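For reference, input-v5.txt is printed below; it contains compact mmCIF, C-alpha atoms and all ligand atoms.
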```
# COMPACT_ATOMS: atom_id res chain seq x y z
CA MET A 26 105.36 106.65 98.72
CA SER A 27 106.88 106.71 102.14
CA LYS A 28 109.74 105.02 103.85
CA VAL A 29 109.58 104.82 107.59
CA GLN A 30 111.17 103.20 110.56
CA SER A 31 111.29 99.44 110.49
CA PRO A 32 109.81 97.30 113.24
CA LYS A 33 112.61 94.83 112.57
CA SER A 34 116.10 94.79 113.98
CA GLN A 35 118.60 97.39 112.79
CA ALA A 36 120.86 94.77 111.20
CA GLU A 37 118.09 93.17 109.23
CA ASP A 38 116.62 96.52 108.29
CA SER A 39 119.80 97.74 106.62
CA GLU A 40 120.04 94.49 104.70
CA THR A 41 116.43 94.41 103.54
CA THR A 42 116.36 98.10 102.71
CA GLU A 43 119.28 97.64 100.36
CA ALA A 44 117.76 94.54 98.90
CA ARG A 45 114.35 96.05 98.27
CA GLY A 46 115.83 98.95 96.42
CA SER A 47 113.35 101.47 95.17
CA ALA A 48 110.77 98.98 94.02
CA ARG A 49 108.98 98.68 97.31
CA SER A 50 108.25 101.37 99.74
CA VAL A 51 107.25 100.31 103.18
CA THR A 52 104.89 101.95 105.57
CA GLN A 53 104.66 100.91 109.14
CA GLY A 54 101.05 99.90 109.61
CA THR A 55 98.76 98.84 112.36
CA GLU A 56 100.33 95.37 112.35
CA ALA A 57 103.77 96.76 113.14
CA ASP A 58 103.78 95.32 116.63
CA SER A 59 103.53 91.81 115.25
CA GLY A 60 106.40 92.53 112.85
CA LEU A 61 104.20 92.84 109.76
CA TRP A 62 104.50 95.54 107.16
CA THR A 63 101.90 97.47 105.30
CA LEU A 64 103.00 97.69 101.69
CA ASP A 65 102.48 100.55 99.32
CA PHE A 66 102.79 98.62 96.09
CA GLY A 67 100.87 97.87 92.95
CA LEU A 68 101.27 95.92 89.75
CA LYS A 69 100.61 97.30 86.27
CA VAL A 70 100.90 95.05 83.24
CA THR A 71 100.70 96.55 79.76
CA ASP A 72 100.41 94.78 76.40
CA LEU A 73 102.36 91.73 77.49
CA ARG A 74 103.21 89.31 74.70
CA LYS A 75 105.06 86.01 74.78
CA SER A 76 105.55 83.29 72.20
CA PHE A 77 107.45 80.02 72.24
CA LEU A 78 109.19 78.01 69.56
CA THR A 79 107.91 74.43 69.57
CA ALA A 80 110.06 71.35 68.95
CA THR A 81 108.85 71.32 65.33
CA GLY A 82 110.05 74.88 64.82
CA GLU A 83 106.59 76.40 64.90
CA ARG A 84 106.13 79.63 66.89
CA ILE A 85 103.09 79.71 69.15
CA ALA A 86 101.85 83.02 70.53
CA VAL A 87 100.75 82.28 74.09
CA LEU A 88 100.16 85.81 75.37
CA ARG A 89 99.01 88.25 72.68
CA GLY A 90 98.60 91.52 74.53
CA VAL A 91 97.72 91.16 78.20
CA THR A 92 96.89 94.37 80.06
CA PHE A 93 95.67 94.67 83.64
CA SER A 94 96.57 96.22 86.94
CA VAL A 95 96.21 95.15 90.53
CA ASN A 96 96.05 97.46 93.52
CA PRO A 97 97.75 96.82 96.85
CA GLY A 98 95.55 94.64 99.01
CA GLU A 99 93.83 93.06 96.02
CA SER A 100 93.70 89.37 95.11
CA VAL A 101 93.04 88.42 91.51
CA ALA A 102 92.23 84.97 90.14
CA ILE A 103 93.48 84.06 86.67
CA MET A 104 91.34 81.38 85.03
CA GLY A 105 91.57 79.76 81.62
CA ALA A 106 91.84 76.33 80.01
CA SER A 107 94.94 74.22 80.37
CA GLY A 108 97.54 75.67 78.00
CA ALA A 109 95.91 79.11 78.01
CA GLY A 110 99.09 80.69 79.35
CA LYS A 111 98.39 81.09 83.08
CA SER A 112 101.77 79.73 84.20
CA THR A 113 103.53 81.69 81.46
CA LEU A 114 101.92 84.90 82.73
CA LEU A 115 102.96 84.18 86.34
CA HIS A 116 106.53 83.40 85.24
CA LEU A 117 106.73 86.74 83.44
CA LEU A 118 105.26 88.63 86.40
CA GLY A 119 107.79 87.04 88.75
CA GLY A 120 110.72 87.85 86.48
CA LEU A 121 111.44 84.16 85.84
CA GLU A 122 111.11 84.67 82.09
CA ALA A 123 111.29 87.75 79.87
CA PRO A 124 108.35 88.91 77.73
CA ASP A 125 108.77 89.49 73.99
CA HIS A 126 106.94 92.79 74.32
CA GLY A 127 105.15 94.91 76.89
CA SER A 128 105.84 96.13 80.40
CA ILE A 129 105.43 94.98 83.98
CA ALA A 130 105.61 97.72 86.59
CA ALA A 131 105.92 96.30 90.09
CA GLY A 132 105.88 99.43 92.18
CA ASP A 133 108.77 101.45 90.77
CA LEU A 134 110.53 98.47 89.22
CA ALA A 135 110.24 97.83 85.46
CA VAL A 136 110.50 94.04 85.70
CA GLU A 137 110.86 93.51 81.95
CA ALA A 138 113.89 95.82 81.80
CA ALA A 139 115.57 94.92 85.09
CA SER A 140 119.10 93.52 85.26
CA GLN A 141 119.63 89.90 86.31
CA SER A 142 120.85 91.02 89.74
CA ALA A 143 117.86 93.34 90.23
CA LEU A 144 115.58 90.48 89.20
CA ALA A 145 117.24 88.13 91.68
CA ARG A 146 116.66 90.67 94.47
CA PHE A 147 113.09 91.19 93.30
CA ARG A 148 112.38 87.45 93.39
CA ASN A 149 114.10 86.86 96.72
CA HIS A 150 112.69 89.83 98.59
CA GLN A 151 109.45 90.91 96.99
CA VAL A 152 107.86 87.88 95.36
CA GLY A 153 106.43 84.80 97.01
CA PHE A 154 105.82 81.83 94.73
CA VAL A 155 103.37 79.03 95.54
CA PHE A 156 103.28 76.15 93.08
CA GLN A 157 100.89 73.23 92.62
CA PHE A 158 103.72 70.89 93.42
CA HIS A 159 105.18 72.49 96.45
CA HIS A 160 108.90 71.69 96.00
CA LEU A 161 109.41 71.35 99.74
CA LEU A 162 112.48 69.56 101.08
CA THR A 163 110.87 66.46 102.52
CA ASP A 164 113.74 65.48 104.83
CA LEU A 165 113.69 68.85 106.60
CA THR A 166 111.10 69.83 109.20
CA ALA A 167 108.19 72.13 108.43
CA ALA A 168 109.87 74.99 110.36
CA GLU A 169 113.18 74.45 108.55
CA ASN A 170 111.44 74.60 105.17
CA VAL A 171 109.54 77.75 106.09
CA SER A 172 112.67 79.50 107.37
CA LEU A 173 114.69 78.90 104.16
CA PRO A 174 113.79 82.21 102.43
CA LEU A 175 114.93 84.08 105.55
CA LEU A 176 118.20 82.16 105.69
CA VAL A 177 118.80 83.06 102.02
CA LYS A 178 118.49 86.70 103.12
CA ARG A 179 121.03 85.94 105.88
CA THR A 180 118.57 86.52 108.70
CA ASN A 181 119.88 85.28 112.05
CA PRO A 182 118.99 81.52 112.17
CA ARG A 183 117.37 81.76 115.60
CA GLU A 184 115.19 84.67 114.45
CA ALA A 185 114.38 82.78 111.24
CA ALA A 186 113.27 79.74 113.27
CA ARG A 187 111.15 81.92 115.56
CA ARG A 188 109.37 83.56 112.67
CA ALA A 189 108.89 80.23 110.88
CA ILE A 190 107.15 78.77 113.92
CA GLN A 191 105.04 81.91 114.32
CA THR A 192 103.97 81.76 110.65
CA LEU A 193 103.08 78.07 110.99
CA GLU A 194 101.07 78.84 114.14
CA GLU A 195 99.16 81.56 112.32
CA ILE A 196 97.95 79.03 109.76
CA GLY A 197 97.13 76.42 112.40
CA LEU A 198 100.19 74.23 111.87
CA GLY A 199 102.12 75.13 115.03
CA ASP A 200 101.97 71.54 116.28
CA ARG A 201 103.58 70.29 113.04
CA ALA A 202 106.55 72.68 113.11
CA SER A 203 109.11 70.07 114.15
CA HIS A 204 107.68 67.27 111.96
CA LEU A 205 109.52 66.15 108.83
CA VAL A 206 107.62 67.48 105.83
CA GLY A 207 107.70 64.03 104.22
CA ASN A 208 105.46 62.77 107.04
CA LEU A 209 102.78 65.44 106.61
CA SER A 210 99.57 65.09 104.58
CA GLY A 211 99.28 66.70 101.13
CA GLY A 212 97.13 69.51 102.51
CA GLU A 213 99.52 70.16 105.38
CA GLN A 214 102.46 70.21 102.96
CA GLN A 215 100.77 72.80 100.78
CA ARG A 216 100.05 74.95 103.83
CA VAL A 217 103.74 74.68 104.77
CA ALA A 218 104.60 75.82 101.22
CA LEU A 219 102.23 78.74 101.69
CA CYS A 220 104.00 79.72 104.92
CA ARG A 221 107.34 79.52 103.12
CA ALA A 222 106.03 81.85 100.39
CA LEU A 223 104.64 84.36 102.90
CA ILE A 224 107.34 84.44 105.58
CA ASN A 225 109.30 87.14 103.73
CA GLN A 226 106.12 89.23 103.64
CA PRO A 227 106.35 89.53 99.86
CA ALA A 228 104.66 92.44 98.12
CA ILE A 229 103.52 90.10 95.33
CA VAL A 230 102.36 86.51 95.75
CA LEU A 231 102.16 84.43 92.60
CA ALA A 232 100.26 81.20 93.18
CA ASP A 233 100.11 78.70 90.31
CA GLU A 234 97.19 76.35 90.88
CA PRO A 235 98.13 76.00 94.54
CA THR A 236 94.90 74.17 95.27
CA GLY A 237 94.98 71.96 92.18
CA ASN A 238 95.67 68.62 93.81
CA LEU A 239 93.94 69.25 97.13
CA ASP A 240 90.43 68.53 98.29
CA ASP A 241 87.97 71.43 98.16
CA THR A 242 88.08 72.29 101.85
CA ILE A 243 91.86 72.61 101.97
CA GLY A 244 91.88 74.39 98.60
CA ASP A 245 89.42 76.95 99.93
CA GLU A 246 91.51 77.38 103.05
CA ILE A 247 94.66 78.07 101.00
CA ALA A 248 92.82 80.59 98.84
CA ARG A 249 91.25 82.29 101.87
CA SER A 250 94.67 82.54 103.52
CA LEU A 251 96.06 84.24 100.41
CA VAL A 252 93.17 86.71 100.16
CA LYS A 253 93.53 87.50 103.86
CA TYR A 254 97.28 87.98 103.47
CA ALA A 255 96.78 90.45 100.60
CA GLN A 256 94.42 92.52 102.72
CA LYS A 257 96.51 92.33 105.86
CA VAL A 258 99.77 93.66 104.41
CA GLN A 259 98.38 95.39 101.31
CA ALA A 260 100.14 92.92 99.03
CA VAL A 261 99.13 91.85 95.54
CA VAL A 262 98.01 88.22 95.16
CA ILE A 263 97.65 86.60 91.73
CA LEU A 264 96.25 83.10 91.83
CA ALA A 265 95.95 80.87 88.76
CA THR A 266 93.23 78.30 89.22
CA HIS A 267 90.83 75.97 87.41
CA SER A 268 88.34 76.17 90.23
CA HIS A 269 85.45 78.63 90.02
CA ALA A 270 84.92 78.15 93.77
CA VAL A 271 88.52 79.15 94.52
CA ALA A 272 88.42 82.02 92.01
CA SER A 273 85.24 83.40 93.56
CA LEU A 274 87.07 83.86 96.88
CA CYS A 275 89.36 86.42 95.21
CA ASN A 276 88.43 90.08 94.75
CA ARG A 277 88.44 89.80 90.96
CA VAL A 278 88.48 87.09 88.30
CA LEU A 279 90.27 87.49 84.95
CA THR A 280 90.10 84.83 82.24
CA LEU A 281 92.83 84.12 79.71
CA ARG A 282 91.56 83.05 76.30
CA ASP A 283 93.32 83.19 72.95
CA GLY A 284 96.22 85.01 74.57
CA ARG A 285 94.17 87.83 76.01
CA LEU A 286 92.39 88.59 79.27
CA LEU A 287 88.66 88.62 78.80
CA SER A 288 87.38 90.46 81.82
CA ALA A 289 90.31 92.78 82.41
CA SER A 290 89.68 95.95 84.30
N1 LIG A 301 109.24 76.94 77.66
C1 LIG A 301 108.31 76.64 76.76
N2 LIG A 301 108.62 76.24 75.52
C2 LIG A 301 107.69 75.96 74.60
N3 LIG A 301 106.37 76.05 74.84
C3 LIG A 301 105.98 76.43 76.06
C4 LIG A 301 106.91 76.74 77.10
N4 LIG A 301 106.22 77.11 78.22
C5 LIG A 301 104.92 77.02 77.89
N5 LIG A 301 104.76 76.61 76.61
C6 LIG A 301 103.48 76.44 75.91
O1 LIG A 301 102.72 77.59 76.13
C7 LIG A 301 101.35 77.26 76.27
C8 LIG A 301 100.84 77.83 77.59
O2 LIG A 301 101.41 77.08 78.65
P1 LIG A 301 101.13 77.41 80.17
O3 LIG A 301 101.46 78.83 80.42
O4 LIG A 301 101.83 76.39 80.97
O5 LIG A 301 99.54 77.25 80.25
P2 LIG A 301 98.60 76.99 81.54
O6 LIG A 301 99.41 77.28 82.76
O7 LIG A 301 97.46 77.92 81.34
O8 LIG A 301 98.17 75.58 81.46
C9 LIG A 301 101.25 75.77 76.15
O9 LIG A 301 100.91 75.45 74.83
C10 LIG A 301 102.64 75.32 76.48
O10 LIG A 301 102.93 74.10 75.86
MG MG A 302 99.93 76.08 84.37
```

Now that the file is in, can you turn its structure into structure tokens?
Amino acid sequence: MSKVQSPKSQAEDSETTEARGSARSVTQGTEADSGLWTLDFGLKVTDLRKSFLTATGERIAVLRGVTFSVNPGESVAIMGASGAGKSTLLHLLGGLEAPDHGSIAAGDLAVEAASQSALARFRNHQVGFVFQFHHLLTDLTAAENVSLPLLVKRTNPREAARRAIQTLEEIGLGDRASHLVGNLSGGEQQRVALCRALINQPAIVLADEPTGNLDDTIGDEIARSLVKYAQKVQAVVILATHSHAVASLCNRVLTLRDGRLLSAS
């Protein structure tokens, strides 16, 4: 894996280089002029198991040995009935919860064994989350919402605003940048949430039914944007969905049933 000159400013580069640690190597790609990175990064999940204790004291095994890997640039749909464990799997992959057993290699980082501070850096700098309910701040503008992950990284506010507007323009929402999110339609809000997840150029995007409460056209558009993003920066996209139409837009479809992935490869 290689580490080369950053197209970003020196100040930001030193900050992000530290923050990324060894888990993500970065190669300057053909998109460098537009500030994008080509990522050399993959995800390898081995024998992941997770159970929960219910309110009645019963232990339910949700994931019973999940194994799969995803190459850089690849988008994978995770299907399965409600309660099959899709959200649980995404939470484990993003380091939001710890597995009972098994390993998650995100590039060089062993997510399951990482310290809390390494996990916080991983989540802030390498993972983009998109949820069904977008958790946007409705009394901020679209551009302000999108720039938040950059401000968390202490990017210069003016630069953060510029990149937020650019990201919104790329998804066709440039004319909504200064609108309060609370005044946007559901589909527009979810596209703003997508921009917020992608503005950091995360190496892994975890999308939990991001199209679940949208009409088919907008749902397809969200999924297409994610697939395109994965290809463009060689990121890994994992998208949990109930929709066969949405799943079919991804490079590969895996189905969770009885705690295992059926069509793993
Ligand atoms: N924190 C938790 N405590 C107890 N049970 C949980 C917890 N999180 C998830 N579960 C249970 O795990 C199962 C899988 O849930 P989930 O991953 O949300 O499924 P899906 O996203 O496929 O609908 C469900 O039975 C759910 O109730
Ligand atoms: Mg779920």

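Identified as lying at most 8 Å from ligand MG 302 (chain A) when counting all atoms listed in the file are the residues A:Ser107, A:Gly108, A:Gly110, A:Lys111, A:Ser112, A:Thr113, A:Asp233, A:Glu234, A:Ala265.
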
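Taking CA of Ala167 in chain A and CA of Val217 in chain A as the two end points, the separation is 6.3 Å.
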
Worksheet item: What residues have any atom no more than 10 Å from ligand LIG 301 (chain A) when counting all atoms listed in the file, and can you list them as a PyMOL selection string?
Response: chain A and resi 75-80+83-88+103-117+122+233-234+265-267+281-282+284

Item to complete: Do a neighbour search on Gly98 in chain A at 8 Å with only C-alpha atoms, toss out local chain neighbours closer than 6 positions, and write the hits as a count of residues only.
Response: 8

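For the set A:Ala130, A:Leu173, A:Ala168, A:Val252, the residue with the smallest atom-to-atom gap to Ala189 in chain A is A:Ala168, counting all atoms listed in the file.
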
Worksheet item: To one decimal place, how far is CA of Leu118 in chain A from CA of Gly211 in chain A in Å?
Response: 27.1 Å

Fill in: Closest of A:Asn96, A:Ser273, A:Gln226, A:Thr81 to Val152 in chain A - atom-to-atom distances counting only C-alpha atoms
A:Gln226

Distance cut-off 8 Å, centre (88.3, 88.5, 96.5) in file coordinates, counting all atoms listed in the file: which residues qualify? Return them as a PDB file with C-alpha atoms, keeping the file's coordinate frame.
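Result file follows (result.pdb):
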```
ATOM      1  CA  GLU A  99      93.830  93.060  96.020  1.00  0.00           C
ATOM      2  CA  SER A 100      93.700  89.370  95.110  1.00  0.00           C
ATOM      3  CA  VAL A 101      93.040  88.420  91.510  1.00  0.00           C
ATOM      4  CA  VAL A 252      93.170  86.710 100.160  1.00  0.00           C
ATOM      5  CA  ALA A 272      88.420  82.020  92.010  1.00  0.00           C
ATOM      6  CA  SER A 273      85.240  83.400  93.560  1.00  0.00           C
ATOM      7  CA  LEU A 274      87.070  83.860  96.880  1.00  0.00           C
ATOM      8  CA  CYS A 275      89.360  86.420  95.210  1.00  0.00           C
ATOM      9  CA  ASN A 276      88.430  90.080  94.750  1.00  0.00           C
ATOM     10  CA  ARG A 277      88.440  89.800  90.960  1.00  0.00           C
TER      11      ARG A 277
END
```

Item to complete: Record the distance separating CA of His159 in chain A and CA of Gln214 in chain A, expressed in Å with one decimal.
Response: 7.4 Å

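Of the residues listed (A:Gly82, A:Gly119, A:Gly199, A:Gly67), A:Gly119 shows the shortest atom-to-atom separation from Val155 in chain A; distances use only C-alpha atoms.
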
Fill in: Expected residue set, 12 Å radius at (91.3, 78.2, 101.2), all atoms listed in the file, as JSON, numbers by chain
{"A": [196, 212, 215, 216, 219, 235, 236, 237, 239, 240, 241, 242, 243, 244, 245, 246, 247, 248, 249, 250, 251, 252, 253, 254, 264, 268, 270, 271, 272, 273, 274, 275]}

Worksheet item: Between A:Arg183, A:Arg74, A:Arg188, A:His150, which has the minimum distance to Glu137 in chain A (counting only C-alpha atoms)?
Response: A:Arg74

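Here the question is which of A:Phe93, A:Ala131, A:His269, A:Ala218 gets nearest to Phe156 in chain A using all atoms listed in the file, and that residue is A:Ala218.
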
Step by step, gather every atom of range 263-272 of chain A that the file lists, find the box along x, y and z that holds them, add 8 Å on each side, and finally give centre and edge lengths in Å to one decimal, as lines of an AutoDock Vina configuration file.
```
center_x = 91.3
center_y = 81.3
center_z = 91.0
size_x = 28.7
size_y = 26.6
size_z = 23.1
```
